[in-house]
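Structure file coords.txt; described as compact mmCIF, C-alpha atoms.
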# COMPACT_ATOMS: atom_id res chain seq x y z
CA MET K 264 125.83 41.44 91.23
CA LEU K 265 127.20 40.19 87.98
CA ASP K 266 123.78 39.67 86.53
CA PRO K 267 124.31 40.03 82.78
CA ARG K 268 121.19 42.13 82.64
CA LEU K 269 123.13 44.87 84.41
CA PHE K 270 125.28 45.46 81.42
CA ILE K 271 122.57 45.46 78.81
CA LEU K 272 121.08 48.78 77.95
CA ASN K 273 117.38 49.12 78.74
CA ALA K 274 117.43 46.17 81.11
CA GLU K 275 114.95 46.36 83.92
CA ILE K 276 117.66 47.23 86.42
CA GLY K 277 120.39 48.78 84.42
CA PHE K 278 121.30 51.70 82.32
CA ASN K 279 118.49 53.91 81.23
CA ALA K 280 119.83 56.68 79.07
CA GLY K 281 117.05 58.94 80.25
CA ASP K 282 118.03 58.48 83.92
CA MET K 283 121.60 59.25 83.11
CA ILE K 284 120.73 62.43 81.29
CA VAL K 285 118.36 63.47 84.05
CA GLN K 286 120.97 62.69 86.68
CA LEU K 287 123.67 64.63 84.88
CA VAL K 288 121.49 67.64 84.18
CA MET K 289 120.08 67.59 87.69
CA PHE K 290 123.48 67.46 89.25
CA VAL K 291 124.84 70.25 87.09
CA ILE K 292 121.85 72.41 87.92
CA LEU K 293 122.22 71.56 91.60
CA LEU K 294 125.89 72.39 91.50
CA ALA K 295 125.27 75.71 89.78
CA LEU K 296 122.43 76.78 92.06
CA ILE K 297 123.98 75.60 95.27
CA THR K 298 127.27 77.27 94.41
CA LYS K 299 125.54 80.52 93.62
CA PHE K 300 123.18 80.59 96.57
CA ALA K 301 125.06 78.79 99.32
CA TRP K 302 128.72 78.01 98.76
CA ARG K 303 129.76 81.32 97.24
CA PRO K 304 128.41 83.47 100.09
CA LEU K 305 129.68 80.97 102.63
CA MET K 306 133.14 80.91 101.11
CA ASN K 307 133.15 84.68 100.97
CA VAL K 308 132.31 84.90 104.64
CA MET K 309 134.98 82.37 105.51
CA GLN K 310 137.49 84.18 103.34
CA GLU K 311 136.53 87.48 104.91
CA ARG K 312 136.94 85.99 108.36
CA GLU K 313 140.33 84.58 107.47
CA GLU K 314 141.43 87.97 106.20
CA HIS K 315 139.98 89.63 109.27
CA VAL K 316 141.86 87.31 111.58
CA ALA K 317 145.07 87.77 109.60
CA ASN K 318 144.60 91.53 109.75
CA GLU K 319 143.98 91.42 113.45
CA ILE K 320 147.13 89.38 113.97
CA ASP K 321 149.10 91.83 111.85
CA THR K 322 147.68 94.77 113.77
CA ALA K 323 148.42 93.15 117.09
CA GLU K 324 151.97 92.45 115.99
CA LYS K 325 152.38 96.02 114.80
CA ASN K 326 150.98 97.36 118.06
CA ARG K 327 153.28 95.15 120.03
CA GLN K 328 156.30 96.37 118.11
CA GLU K 329 155.15 99.95 118.47
CA SER K 330 154.68 99.62 122.20
CA GLU K 331 158.05 97.91 122.53
CA ARG K 332 159.65 100.77 120.64
CA LEU K 333 157.89 103.33 122.83
CA MET K 334 158.91 101.51 125.96
CA LYS K 335 162.52 101.44 124.86
CA GLU K 336 162.33 105.11 124.02
CA ALA K 337 160.90 105.92 127.42
CA GLN K 338 163.55 103.82 129.08
CA ASP K 339 166.28 105.61 127.17
CA GLU K 340 164.78 108.93 128.09
CA LEU K 341 164.56 107.93 131.71
CA LYS K 342 168.15 106.81 131.67
CA GLY K 343 169.20 110.12 130.09
CA THR K 344 167.21 112.07 132.63
CA ARG K 345 168.73 110.13 135.47
CA GLU K 346 172.22 110.76 134.14
CA ASN K 347 171.39 114.43 133.75
CA ALA K 348 170.13 114.66 137.29
CA GLN K 349 173.22 112.90 138.56
CA LYS K 350 175.38 115.34 136.66
CA ILE K 351 173.52 118.29 138.10
CA ILE K 352 173.88 116.94 141.60
CA ASP K 353 177.58 116.30 141.06
CA ASP K 354 178.05 119.79 139.69
CA ALA K 355 176.24 121.33 142.63
CA ARG K 356 178.29 119.32 145.02
CA LYS K 357 181.50 120.36 143.33
CA THR K 358 180.44 123.99 143.27
CA ALA K 359 179.48 123.87 146.90
CA LYS K 360 182.79 122.29 147.82
CA SER K 361 184.83 124.89 145.96
CA GLU K 362 182.70 127.67 147.37
CA GLU K 363 183.17 126.29 150.84
CA ALA K 364 186.89 126.16 150.41
CA GLU K 365 186.87 129.69 149.09
CA MET K 366 184.77 130.90 151.97
CA ILE K 367 187.04 129.22 154.45
CA GLN K 368 190.00 130.76 152.69
CA THR K 369 188.40 134.18 152.79
CA ALA K 370 187.50 133.80 156.43
CA LYS K 371 191.00 132.65 157.25
CA SER K 372 192.63 135.54 155.47
CA GLU K 373 190.16 137.94 157.04
CA ALA K 374 190.95 136.57 160.45
CA GLU K 375 194.63 136.83 159.64
CA ARG K 376 194.17 140.42 158.57
CA ILE K 377 192.20 141.30 161.68
CA LYS K 378 194.79 139.60 163.83
CA GLU K 379 197.53 141.49 162.04
CA SER K 380 195.85 144.84 162.45
CA ALA K 381 195.16 144.06 166.07
CA ARG K 382 198.78 143.20 166.58
CA GLN K 383 199.85 146.43 164.92
CA GLU K 384 197.48 148.40 167.06
CA ILE K 385 198.80 146.69 170.17
CA GLU K 386 202.32 147.51 169.03
CA GLN K 387 201.40 151.12 168.52
CA GLU K 388 199.60 151.33 171.80
CA LYS K 389 202.56 149.76 173.52
CA GLU K 390 204.93 152.23 171.92
CA ARG K 391 202.70 155.08 172.89
CA ALA K 392 202.42 153.73 176.39
CA VAL K 393 206.19 153.36 176.60
CA LEU K 394 206.60 156.93 175.42
CA ALA K 395 204.03 158.17 177.87
CA LEU K 396 205.65 156.17 180.56
CA GLN K 397 209.06 157.57 179.66
CA GLU K 398 207.74 161.09 180.03
CA GLN K 399 205.87 160.23 183.16
CA VAL K 400 208.86 158.44 184.61
CA GLY K 401 211.03 161.42 183.69
CA THR K 402 208.94 163.92 185.50
CA LEU K 403 208.26 161.55 188.32
CA SER K 404 211.94 160.83 188.84
CA VAL K 405 212.71 164.55 188.68
CA GLN K 406 210.11 165.15 191.29
CA ILE K 407 211.42 162.28 193.38
CA ALA K 408 215.00 163.32 192.88
CA SER K 409 214.26 166.92 193.66
CA LYS K 410 212.51 165.77 196.71
CA VAL K 411 215.41 163.52 197.62
CA ILE K 412 218.35 165.79 196.97
CA GLU K 413 216.50 169.00 197.64
CA LYS K 414 217.46 171.10 194.75
CA GLU K 415 221.17 170.30 194.95
CA LEU K 416 221.39 169.56 191.36
CA THR K 417 220.96 171.96 188.51
CA VAL K 418 218.46 171.34 185.93
CA ASP K 419 221.11 170.43 183.39
CA GLU K 420 222.80 167.92 185.54
CA GLN K 421 219.52 166.55 186.43
CA GLU K 422 218.57 166.09 182.86
CA LYS K 423 221.86 164.34 182.18
CA LEU K 424 221.43 162.02 185.06
CA ILE K 425 217.91 161.12 184.07
CA ASN K 426 218.91 160.30 180.57
CA GLU K 427 221.66 158.09 181.83
CA TYR K 428 219.19 156.20 183.97
CA LEU K 429 216.67 155.98 181.29
CA GLU K 430 219.16 154.51 178.91
CA LYS K 431 220.05 151.98 181.52
CA VAL K 432 216.41 151.18 181.94
CA GLY K 433 216.03 150.77 178.18
CA GLU K 434 219.08 148.49 178.06
CA SER K 435 218.06 146.33 180.92
CA LYS K 436 214.64 145.94 179.50
CA MET B 42 114.51 42.97 94.58
CA ASP B 43 111.32 41.54 93.32
CA HIS B 44 109.78 44.87 92.54
CA GLY B 45 109.30 46.36 89.16
CA SER B 46 110.34 49.83 88.14
CA PRO B 47 108.07 52.61 86.95
CA MET B 48 109.45 52.69 83.43
CA TYR B 49 108.57 55.26 80.85
CA GLU B 50 109.98 53.93 77.64
CA ASP B 51 110.78 55.25 74.19
CA VAL B 52 110.24 58.92 74.97
CA PHE B 53 109.73 61.10 71.93
CA GLY B 54 109.72 57.88 69.93
CA ILE B 55 113.46 57.49 70.46
CA SER B 56 114.06 53.81 70.98
CA TRP B 57 116.92 54.09 73.48
CA LEU B 58 115.56 56.94 75.56
CA ASP B 59 113.99 55.20 78.55
CA PHE B 60 113.24 56.78 81.89
CA ASN B 61 113.03 55.03 85.20
CA LEU B 62 110.66 57.51 86.79
CA SER B 63 111.70 56.36 90.23
CA ASN B 64 115.25 57.44 89.54
CA VAL B 65 114.07 60.75 88.11
CA LEU B 66 111.96 61.38 91.19
CA MET B 67 114.66 60.37 93.66
CA THR B 68 117.35 62.36 91.88
CA PHE B 69 115.12 65.37 92.12
CA VAL B 70 114.32 64.73 95.78
CA ALA B 71 117.97 64.29 96.69
CA SER B 72 118.94 67.46 94.85
CA LEU B 73 116.14 69.37 96.51
CA VAL B 74 117.10 68.17 99.99
CA VAL B 75 120.75 69.05 99.47
CA PHE B 76 119.84 72.44 98.08
CA LEU B 77 117.48 73.22 100.96
CA ILE B 78 120.03 72.15 103.56
CA ALA B 79 122.71 74.27 101.95
CA VAL B 80 120.53 77.33 101.54
CA LEU B 81 119.07 77.07 105.05
CA ALA B 82 122.53 76.64 106.50
CA SER B 83 123.97 79.62 104.68
CA ARG B 84 121.30 82.12 105.61
CA ASN B 85 122.27 84.90 108.00
CA LEU B 86 125.95 84.36 107.46
CA GLN B 87 128.05 86.04 110.08
CA ARG B 88 131.70 86.55 110.61
CA LYS B 89 131.30 84.95 114.00
CA PRO B 90 129.45 81.75 113.11
CA THR B 91 126.55 80.47 115.16
CA GLY B 92 124.35 77.40 115.10
CA VAL B 93 123.87 75.81 111.72
CA GLN B 94 126.58 77.93 110.15
CA ASN B 95 129.06 76.15 112.38
CA PHE B 96 127.83 72.85 111.03
CA ILE B 97 128.15 73.80 107.38
CA GLU B 98 131.59 75.32 108.02
CA TRP B 99 132.62 72.12 109.71
CA ILE B 100 131.68 70.29 106.50
CA PHE B 101 133.67 72.87 104.56
CA ASP B 102 136.74 72.30 106.69
CA PHE B 103 136.27 68.55 106.42
CA VAL B 104 136.15 68.65 102.62
CA LYS B 105 139.02 71.13 102.62
CA GLY B 106 141.07 68.58 104.52
CA MET B 107 140.14 65.90 101.99
CA ILE B 108 141.17 68.06 99.06
CA SER B 109 144.41 69.24 100.59
CA SER B 110 145.37 65.66 101.40
CA ALA B 111 145.14 64.91 97.66
CA MET B 112 146.66 68.06 96.19
CA ASP B 113 147.96 71.40 97.30
CA TRP B 114 145.29 73.81 98.40
CA LYS B 115 146.09 76.51 95.85
CA THR B 116 145.11 74.19 93.02
CA GLY B 117 142.46 72.39 95.00
CA ARG B 118 140.36 75.30 96.19
CA GLN B 119 138.49 75.57 92.88
CA PHE B 120 137.16 72.03 93.39
CA LEU B 121 135.74 72.84 96.82
CA PRO B 122 132.16 73.56 95.65
CA LEU B 123 132.15 70.43 93.48
CA ALA B 124 133.53 68.25 96.26
CA ILE B 125 131.09 69.52 98.88
CA THR B 126 128.11 69.21 96.56
CA LEU B 127 129.16 65.69 95.58
CA LEU B 128 129.66 64.67 99.19
CA MET B 129 126.32 66.01 100.36
CA TYR B 130 124.43 64.81 97.31
CA ILE B 131 125.75 61.26 97.52
CA PHE B 132 125.27 61.10 101.27
CA ILE B 133 121.69 62.32 101.05
CA ALA B 134 121.00 60.04 98.09
CA ASN B 135 122.41 57.10 100.04
CA ILE B 136 120.36 57.65 103.17
CA LEU B 137 117.12 58.37 101.31
CA GLY B 138 116.71 54.62 100.90
CA ILE B 139 117.34 53.84 104.56
CA MET B 140 114.33 55.54 106.05
CA PHE B 141 111.70 53.79 103.99
CA MET B 142 110.91 52.42 100.57
CA VAL B 143 107.67 53.08 98.82
CA THR B 144 106.15 50.64 96.41
CA ILE B 145 103.07 51.55 94.43
CA ASN B 146 101.33 48.92 92.30
CA GLY B 147 104.38 46.69 92.53
CA ASP B 148 106.62 49.46 91.25
CA LEU B 149 109.43 50.68 93.50
CA TRP B 150 109.17 54.47 93.66
CA TRP B 151 111.09 55.59 96.75
CA LYS B 152 114.63 54.26 97.04
CA SER B 153 118.19 55.46 96.97
CA PRO B 154 118.96 56.86 93.53
CA THR B 155 122.51 55.63 94.07
CA ALA B 156 121.20 52.05 94.17
CA ASP B 157 121.05 52.29 90.39
CA PRO B 158 124.25 51.65 88.40
CA GLY B 159 123.25 54.15 85.73
CA ILE B 160 123.07 56.96 88.25
CA THR B 161 126.36 56.17 89.96
CA LEU B 162 128.16 55.63 86.67
CA THR B 163 126.85 58.94 85.44
CA LEU B 164 128.38 60.60 88.47
CA ALA B 165 131.62 58.69 87.96
CA VAL B 166 131.80 59.55 84.27
CA MET B 167 131.09 63.18 85.10
CA VAL B 168 133.90 63.25 87.66
CA VAL B 169 136.39 61.55 85.36
CA ALA B 170 135.41 63.83 82.48
CA LEU B 171 135.99 66.79 84.77
CA THR B 172 139.44 65.48 85.68
CA HIS B 173 140.31 65.38 81.98
CA TYR B 174 138.87 68.85 81.46
CA TYR B 175 140.83 70.37 84.34
CA GLY B 176 143.91 68.39 83.34
CA VAL B 177 143.89 70.15 79.97
CA LYS B 178 142.88 73.47 81.48
CA LEU B 179 145.50 73.61 84.22
CA ARG B 180 148.46 71.89 82.56
CA GLY B 181 147.87 72.63 78.91
CA THR B 182 147.28 70.04 76.18
CA LYS B 183 150.94 69.11 76.12
CA GLY B 184 151.22 68.58 79.83
CA TYR B 185 147.95 66.67 79.80
CA LEU B 186 149.13 64.32 77.05
CA LYS B 187 152.54 63.94 78.62
CA ASN B 188 150.79 62.60 81.69
CA PHE B 189 149.84 59.48 79.71
CA PHE B 190 153.46 58.74 78.82
CA SER B 191 155.04 59.24 82.21
CA PRO B 192 156.91 57.85 83.98
CA ILE B 193 157.70 55.57 80.99
CA PRO B 194 155.97 55.58 77.58
CA ILE B 195 155.36 51.83 77.61
CA LEU B 196 152.69 52.35 80.26
CA PHE B 197 150.51 54.22 77.77
CA PRO B 198 148.07 51.33 77.08
CA LEU B 199 147.77 50.70 80.80
CA LYS B 200 147.03 54.36 81.38
CA ILE B 201 144.22 54.23 78.85
CA VAL B 202 142.80 51.12 80.48
CA GLU B 203 143.17 52.82 83.87
CA GLU B 204 140.93 55.68 82.81
CA PHE B 205 138.09 53.25 82.06
CA ALA B 206 138.85 51.14 85.09
CA ILE B 207 138.68 54.02 87.55
CA THR B 208 135.44 55.24 86.00
CA LEU B 209 133.86 51.83 86.28
CA THR B 210 135.12 51.11 89.79
CA LEU B 211 134.20 54.57 91.06
CA GLY B 212 130.61 54.13 89.94
CA MET B 213 130.23 50.45 90.67
CA ARG B 214 131.69 50.67 94.18
CA LEU B 215 129.04 53.14 95.20
CA TYR B 216 126.27 51.30 93.40
CA GLY B 217 127.26 47.92 94.81
CA ASN B 218 127.39 49.07 98.40
CA ILE B 219 124.11 50.90 98.34
CA PHE B 220 122.28 48.34 96.24
CA ALA B 221 123.41 45.47 98.47
CA GLY B 222 122.22 47.39 101.50
CA GLU B 223 118.85 47.95 99.93
CA VAL B 224 118.50 44.31 98.91
CA LEU B 225 119.10 43.19 102.46
CA LEU B 226 116.72 45.83 103.78
CA ALA B 227 114.06 44.66 101.35
CA LEU B 228 114.63 41.05 102.39
CA LEU B 229 114.33 41.96 106.05
CA VAL B 230 111.16 43.92 105.39
CA SER B 231 109.52 41.09 103.49
CA PHE B 232 110.59 38.69 106.23
CA MET B 233 109.07 40.90 108.92
CA ALA B 234 105.91 41.35 106.92
CA SER B 235 105.29 37.62 106.83
CA GLY B 236 104.07 37.29 110.41
CA MET B 237 104.04 38.60 113.98
CA LEU B 238 106.82 36.29 115.18
CA GLU B 239 109.00 37.17 112.25
CA ALA B 240 108.34 40.85 112.83
CA ALA B 241 109.53 40.55 116.42
CA ALA B 242 112.55 38.48 115.43
CA GLY B 243 113.51 40.83 112.62
CA PHE B 244 113.26 44.01 114.63
CA ILE B 245 116.76 44.00 116.08
CA PRO B 246 118.54 42.97 112.82
CA MET B 247 116.54 45.61 110.99
CA LEU B 248 117.69 48.27 113.41
CA LEU B 249 121.28 47.10 113.25
CA TRP B 250 121.29 46.96 109.50
CA GLN B 251 119.82 50.43 109.18
CA GLY B 252 122.54 51.76 111.46
CA PHE B 253 125.18 49.92 109.49
CA LYS B 254 123.74 51.23 106.25
CA LEU B 255 123.91 54.75 107.60
CA PHE B 256 127.57 54.12 108.30
CA ILE B 257 128.08 52.63 104.80
CA SER B 258 126.31 55.60 103.27
CA SER B 259 128.61 58.15 104.85
CA ILE B 260 131.71 56.06 104.19
CA GLN B 261 130.79 55.59 100.54
CA ALA B 262 130.09 59.29 100.06
CA PHE B 263 133.45 60.03 101.65
CA ILE B 264 135.27 57.45 99.51
CA PHE B 265 133.64 58.67 96.31
CA VAL B 266 134.67 62.28 96.90
CA MET B 267 138.09 61.30 98.18
CA LEU B 268 138.81 59.22 95.10
CA ALA B 269 137.39 61.90 92.83
CA MET B 270 139.88 64.35 94.33
CA VAL B 271 142.73 61.86 94.06
CA TYR B 272 141.96 61.24 90.37
CA MET B 273 141.70 64.97 89.91
CA SER B 274 145.08 65.51 91.50
CA HIS B 275 146.61 62.87 89.20
CA LYS B 276 145.52 64.98 86.26
CA VAL B 277 146.16 68.48 87.52
CA MET B 278 149.34 68.12 89.57
CA GLU B 279 152.76 68.23 87.94
CA ASP B 280 154.45 65.23 89.48
CA HIS B 281 152.80 62.03 90.52
Let's see the structure in the file written out as structure tokens.
Amino acid sequence: MLDPRLFILNAEIGFNAGDMIVQLVMFVILLALITKFAWRPLMNVMQEREEHVANEIDTAEKNRQESERLMKEAQDELKGTRENAQKIIDDARKTAKSEEAEMIQTAKSEAERIKESARQEIEQEKERAVLALQEQVGTLSVQIASKVIEKELTVDEQEKLINEYLEKVGESK
Amino acid sequence: MDHGSPMYEDVFGISWLDFNLSNVLMTFVASLVVFLIAVLASRNLQRKPTGVQNFIEWIFDFVKGMISSAMDWKTGRQFLPLAITLLMYIFIANILGIMFMVTINGDLWWKSPTADPGITLTLAVMVVALTHYYGVKLRGTKGYLKNFFSPIPILFPLKIVEEFAITLTLGMRLYGNIFAGEVLLALLVSFMASGMLEAAAGFIPMLLWQGFKLFISSIQAFIFVMLAMVYMSHKVMEDH
């Protein structure tokens, strides 16, 4: 390829100034036109797509963080609610327990009271019965005695005798 | 090649202004083809690419990779249109001569425009001139001049020689590869045209050589753009 003709201007195969100028001008025109009509729109679209994808990634990331935050919030709320419910249950249980104890106490004291009053009544009744019996026994013994000794005793002596007996009865009892 | 060229000499009476009309024609054809491909591929652009848009975007990404392997993308993105146009133009220009060659009245009309040293050197000079332009534009005159004296000032003469050397090699590499391919193609064609037996014998080599030349064409287009971007990065980047 080192034909000396190559390096001589205007050689048959070689440097033609006209070709060079045409080539240069043609290429510059091609570059300008092709950039305006093809590359510029194409680059814009690619740029737009890149931005779109970047935006989408950002949005997805933001959404993810947001949802994570919401989930945590909900979890916290759930935990709080659970604690609250537990507290309410505990409270109710405690209240019920104390109420139960109180009720038992009340019932016990009531029973005690009823028992007491019953005992008192029994005591009273007994006393009354004893009194009634005393009187009854008195008259009965008088009647028996009068029947036995046939009016040999006076009423006063009789009375005295009865009292003596009665006291003996009370003592021996 | 034993063909003549359709010369149109001394235009406007200027003694040095000669035109090889074949080159003018082929330059125009190559430009037209590249332009049509680009415009057809970038019609109906969509955010979600389909069909031919995928293809052109693949080329974009390819060239993007070439540029970012030479310099950082922030600086390099402004050279993207130039690099893609260069790549496509040179590739198309290279393969124009593969399909067929047309000779009219002994003059070779249809060939690769890049099989002419003037054409390739014009491209090379344009690229190198652009590297100097962007070197001044992006680094300032001082930074641009400093580039010639770094890393050590004594390399200055070598740096000057280098500028001419890279221009010459950039153009001549392309020219040599394509021209050699065309010479062999022309030889094969004339061999096959000399008789039936020769035609049959030359068929397989012809096919092989055309395939190889297609390969050479794409490789050379790639190398040209790659080197253009490397030279560009030498001028526009801070440390090299």
Show me, as CSV, the residues of chain K having an atom within 6 Å of chain B, each with the closest atom pair and its distance in Å, using all atoms listed in the file.
residue,atom,partner,partner_atom,distance
K:Phe278,CA,B:Gly159,CA,4.6
K:Asn279,CA,B:Asp59,CA,5.4
K:Ala280,CA,B:Leu58,CA,5.5
K:Gly281,CA,B:Phe60,CA,4.7
K:Asp282,CA,B:Phe60,CA,5.5
K:Met283,CA,B:Thr163,CA,5.8
K:Ile297,CA,B:Phe76,CA,5.9
K:Ala301,CA,B:Val80,CA,5.3
K:Arg312,CA,B:Arg88,CA,5.7
Could you give me, as a VMD selection string, the residues within 7 Å of region 132-136 of chain B, counting all atoms listed in the file and dropping anything in the same chain fewer than 6 positions from it?
chain B and resid 71 75 153 to 155 219 255 258 to 259 262
Interatomic distance between CA of Leu186 (chain B) and CA of His275 (chain B)?
12.5 Å
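Distance annotation: of B:Phe232, B:Phe190, B:Phe253, B:Tyr175, the residue with the minimal separation from Tyr272 (chain B) is B:Tyr175; atom set is only C-alpha atoms.
Going from CA of Leu287 (chain K) over to CA of Ala170 (chain B), you cover 12.0 Å.
CA of Ile100 (chain B) is found 28.2 Å from CA of Asp321 (chain K).
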Residue with the minimum atom-to-atom distance to Leu403 (chain K), picked from K:Ile284, K:Ile425, K:Ile320, K:Leu294 with all atoms listed in the file counted, is K:Ile425
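Among the candidates B:Ile195, B:Val266, B:Glu279, B:Gly236, the one nearest to Val169 (chain B) when counting only C-alpha atoms is B:Val266.
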